[in-house]
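These notes are about the structure you will find just below.
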Amino acid sequence: MELRQIQYFIEVAKREHVTEAAHALHVAQSAVSRQIYKLEQELGVDLFVREGRNVHLTPIGRSFLGHMKEAMKVIESGLREVEEYMDPERGTIRIGFPSSLAAYTLPIAISAFREIHPEVKFQLKQGSYHQLIEMVARGEIDMALIGPVPLKERSIRGEILFMERIVALLPASHPLAGDSSVRLSDLKDDSFILFPEGFVLREMVVNAFKELGYHPQISFEGEDIDAIKGLVSAGLGITLIPEVTLVDGLPRSTVKLPISEPRVERNVGIIIPRDRPLPPTEQLFYDFLRSFFTRVDKLNHHFV
């Protein structure tokens, strides 16, 4: 079995079309067909069912695909580690992040890091809280900024970097808009704009009200911070979001109020695989993040 055969097999399985796979691989269709045929002959099984120009995986083909994807991850990781071992300053960092850390937290960290290590490249992947955990666990990315940090996941290891304050964002026409702060209980009858179910920021808001014996009335949902801020700006409700997401300014016709009682906050940190070491370039960035976010007072000076 050759590496080329595995690559061709994965591409054909993804596209379910030999010609399209050949175009994507920049090789002749006959070459792809020949290598797939040789692979099937070597294995002694049919990996695909042919239907005209289209192909579909057989049950054993589908199972084989899963194993080959994992094998390619290991091979790619090994090749990347060798390259980075030769020169960690020119490696690639694969890191994930949620939308709440996309506008400010991750960019300032990357910018500061690249001032010291200008040749390092980044592959960025945005995802929800649970998606990021899964991506790190499966090896699709090597690390992720996340908040709050999961500390009981068996397949990943997390480290808290700093604490982040959650604030209320209200339309300027809200009756409490002129106050200097707000209690959470003062907002119990408001309509909320939150992330959909499954997003950790939604869970944080719901749990904060649950501790007071209430459940927030959710009128609209948005899948990213900008959408939620836009809906608040339109006067369709209020929300609770990390203060750092407002560092570049408030949306039109909105006000930001700190929550005086109870204090609502989340920790933010980095997660990495528990059972496999980081490649050298990723380790370089991991160590940098730990030092960059060491002093909470300095962090708050930058963020608030």
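All residue names refer to the structure tokens as shown: chains lettered A, B, ... in order, residues numbered from 1 in each chain, ligands numbered from 1 in order.
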
Closest pair table for segment 31-111 of chain A residues within 9 Å of segment 208-229 of chain A, only C-alpha atoms, as a tab-separated table:
residue	atom	partner	partner_atom	distance
A:Pro98	CA	A:Asp224	CA	8.8
A:Ser99	CA	A:Asp224	CA	5.9
A:Ser100	CA	A:Ile225	CA	6.1

Please produce an output containing all heavy atoms for each residue in the selection, written as a PDB file, in the first residue's frame.
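The file below, part.pdb, is the result:
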ATOM      1  N   PRO A  98     -13.331  30.464  19.701  1.00  0.00           N
ATOM      2  CA  PRO A  98     -14.753  30.795  19.562  1.00  0.00           C
ATOM      3  C   PRO A  98     -14.906  32.220  19.073  1.00  0.00           C
ATOM      4  O   PRO A  98     -13.957  33.018  19.115  1.00  0.00           O
ATOM      5  CB  PRO A  98     -15.273  30.642  20.991  1.00  0.00           C
ATOM      6  CG  PRO A  98     -14.097  31.048  21.834  1.00  0.00           C
ATOM      7  CD  PRO A  98     -12.872  30.584  21.098  1.00  0.00           C
ATOM      8  N   SER A  99     -16.098  32.576  18.628  1.00  0.00           N
ATOM      9  CA  SER A  99     -16.318  33.919  18.088  1.00  0.00           C
ATOM     10  C   SER A  99     -16.101  35.000  19.139  1.00  0.00           C
ATOM     11  O   SER A  99     -15.706  36.116  18.812  1.00  0.00           O
ATOM     12  CB  SER A  99     -17.734  34.033  17.501  1.00  0.00           C
ATOM     13  OG  SER A  99     -18.719  33.932  18.514  1.00  0.00           O
ATOM     14  N   SER A 100     -16.329  34.673  20.414  1.00  0.00           N
ATOM     15  CA  SER A 100     -16.177  35.681  21.470  1.00  0.00           C
ATOM     16  C   SER A 100     -14.723  36.088  21.691  1.00  0.00           C
ATOM     17  O   SER A 100     -14.449  37.117  22.319  1.00  0.00           O
ATOM     18  CB  SER A 100     -16.778  35.160  22.783  1.00  0.00           C
ATOM     19  OG  SER A 100     -16.109  33.994  23.210  1.00  0.00           O
TER      20      SER A 100
END

For atom CA of Asp142 of chain A and atom CA of Thr294 of chain A, the interatomic separation in Å (one decimal):
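Atom CA of Thr294 of chain A lies 21.4 Å from atom CA of Asp142 of chain A.
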
Residues at most 10 Å from Met72 of chain A, counting only C-alpha atoms, excluding those fewer than 3 positions away in the same chain, as a VMD selection string?
chain A and resid 3 6 to 7 10 67 to 69 75 to 78

Taking the chain letters and numbering used in this document, name the residues of segment 34-99 of chain A that DSSP puts in strand (DSSP E), as a VMD selection string.
chain A and resid 48 to 51 54 to 57 92 to 97

Near-His174 of chain A list (10 Å; only C-alpha atoms; drop same-chain fewer than 5 positions) as JSON, numbers by chain:
{"A": [190, 235, 237, 238, 254, 255]}

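For the pair atom CA of Ser180 of chain A and atom CA of Val205 of chain A, the separation is 20.7 Å.
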
Considering only C-alpha atoms, return as a PDB file with all heavy atoms, in the first residue's frame whatever protein or nucleic-acid residues lie within 7 Å of Gln29 of chain A, sequence-local ones (same chain, fewer than 6 positions apart) excluded.
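Ended up saving to around.pdb:
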ATOM      1  N   VAL A  18     -14.648  10.209  -9.584  1.00  0.00           N
ATOM      2  CA  VAL A  18     -13.229  10.031  -9.900  1.00  0.00           C
ATOM      3  C   VAL A  18     -12.671  11.221 -10.669  1.00  0.00           C
ATOM      4  O   VAL A  18     -11.564  11.704 -10.394  1.00  0.00           O
ATOM      5  CB  VAL A  18     -13.029   8.724 -10.696  1.00  0.00           C
ATOM      6  CG1 VAL A  18     -11.561   8.574 -11.121  1.00  0.00           C
ATOM      7  CG2 VAL A  18     -13.446   7.520  -9.867  1.00  0.00           C
ATOM      8  N   THR A  19     -13.433  11.729 -11.637  1.00  0.00           N
ATOM      9  CA  THR A  19     -12.943  12.849 -12.443  1.00  0.00           C
ATOM     10  C   THR A  19     -12.713  14.093 -11.576  1.00  0.00           C
ATOM     11  O   THR A  19     -11.684  14.773 -11.700  1.00  0.00           O
ATOM     12  CB  THR A  19     -13.936  13.169 -13.577  1.00  0.00           C
ATOM     13  OG1 THR A  19     -14.124  12.008 -14.369  1.00  0.00           O
ATOM     14  CG2 THR A  19     -13.413  14.300 -14.443  1.00  0.00           C
ATOM     15  N   ALA A  22      -9.659  13.661  -9.527  1.00  0.00           N
ATOM     16  CA  ALA A  22      -8.453  13.810 -10.341  1.00  0.00           C
ATOM     17  C   ALA A  22      -8.129  15.282 -10.577  1.00  0.00           C
ATOM     18  O   ALA A  22      -6.965  15.704 -10.497  1.00  0.00           O
ATOM     19  CB  ALA A  22      -8.643  13.089 -11.677  1.00  0.00           C
TER      20      ALA A  22
END

Of the candidates A:Ile156, A:Leu47, A:Leu170, A:Ile241, which one gets nearest to Pro277 of chain A if we count only C-alpha atoms?
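Nearest to Pro277 of chain A: A:Ile156.
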
Mind pulling up the distance from atom CA of Ile110 of chain A to atom CA of Phe285 of chain A?
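Spanning atom CA of Phe285 of chain A to atom CA of Ile110 of chain A is a straight-line distance of 8.8 Å.
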
Please provide the set of residues having any atom within 10 Å of Arg290 of chain A, restricted to only C-alpha atoms, with same-chain residues fewer than 2 positions apart removed, written as a PyMOL selection string.
chain A and resi 159-162+269-270+285-288+292-295

Hey, what's within 8 Å of Glu81 of chain A if we count only C-alpha atoms and toss same-chain stuff fewer than 4 positions away? As a ChimeraX atom specification, please?
/A:77,85,279-280
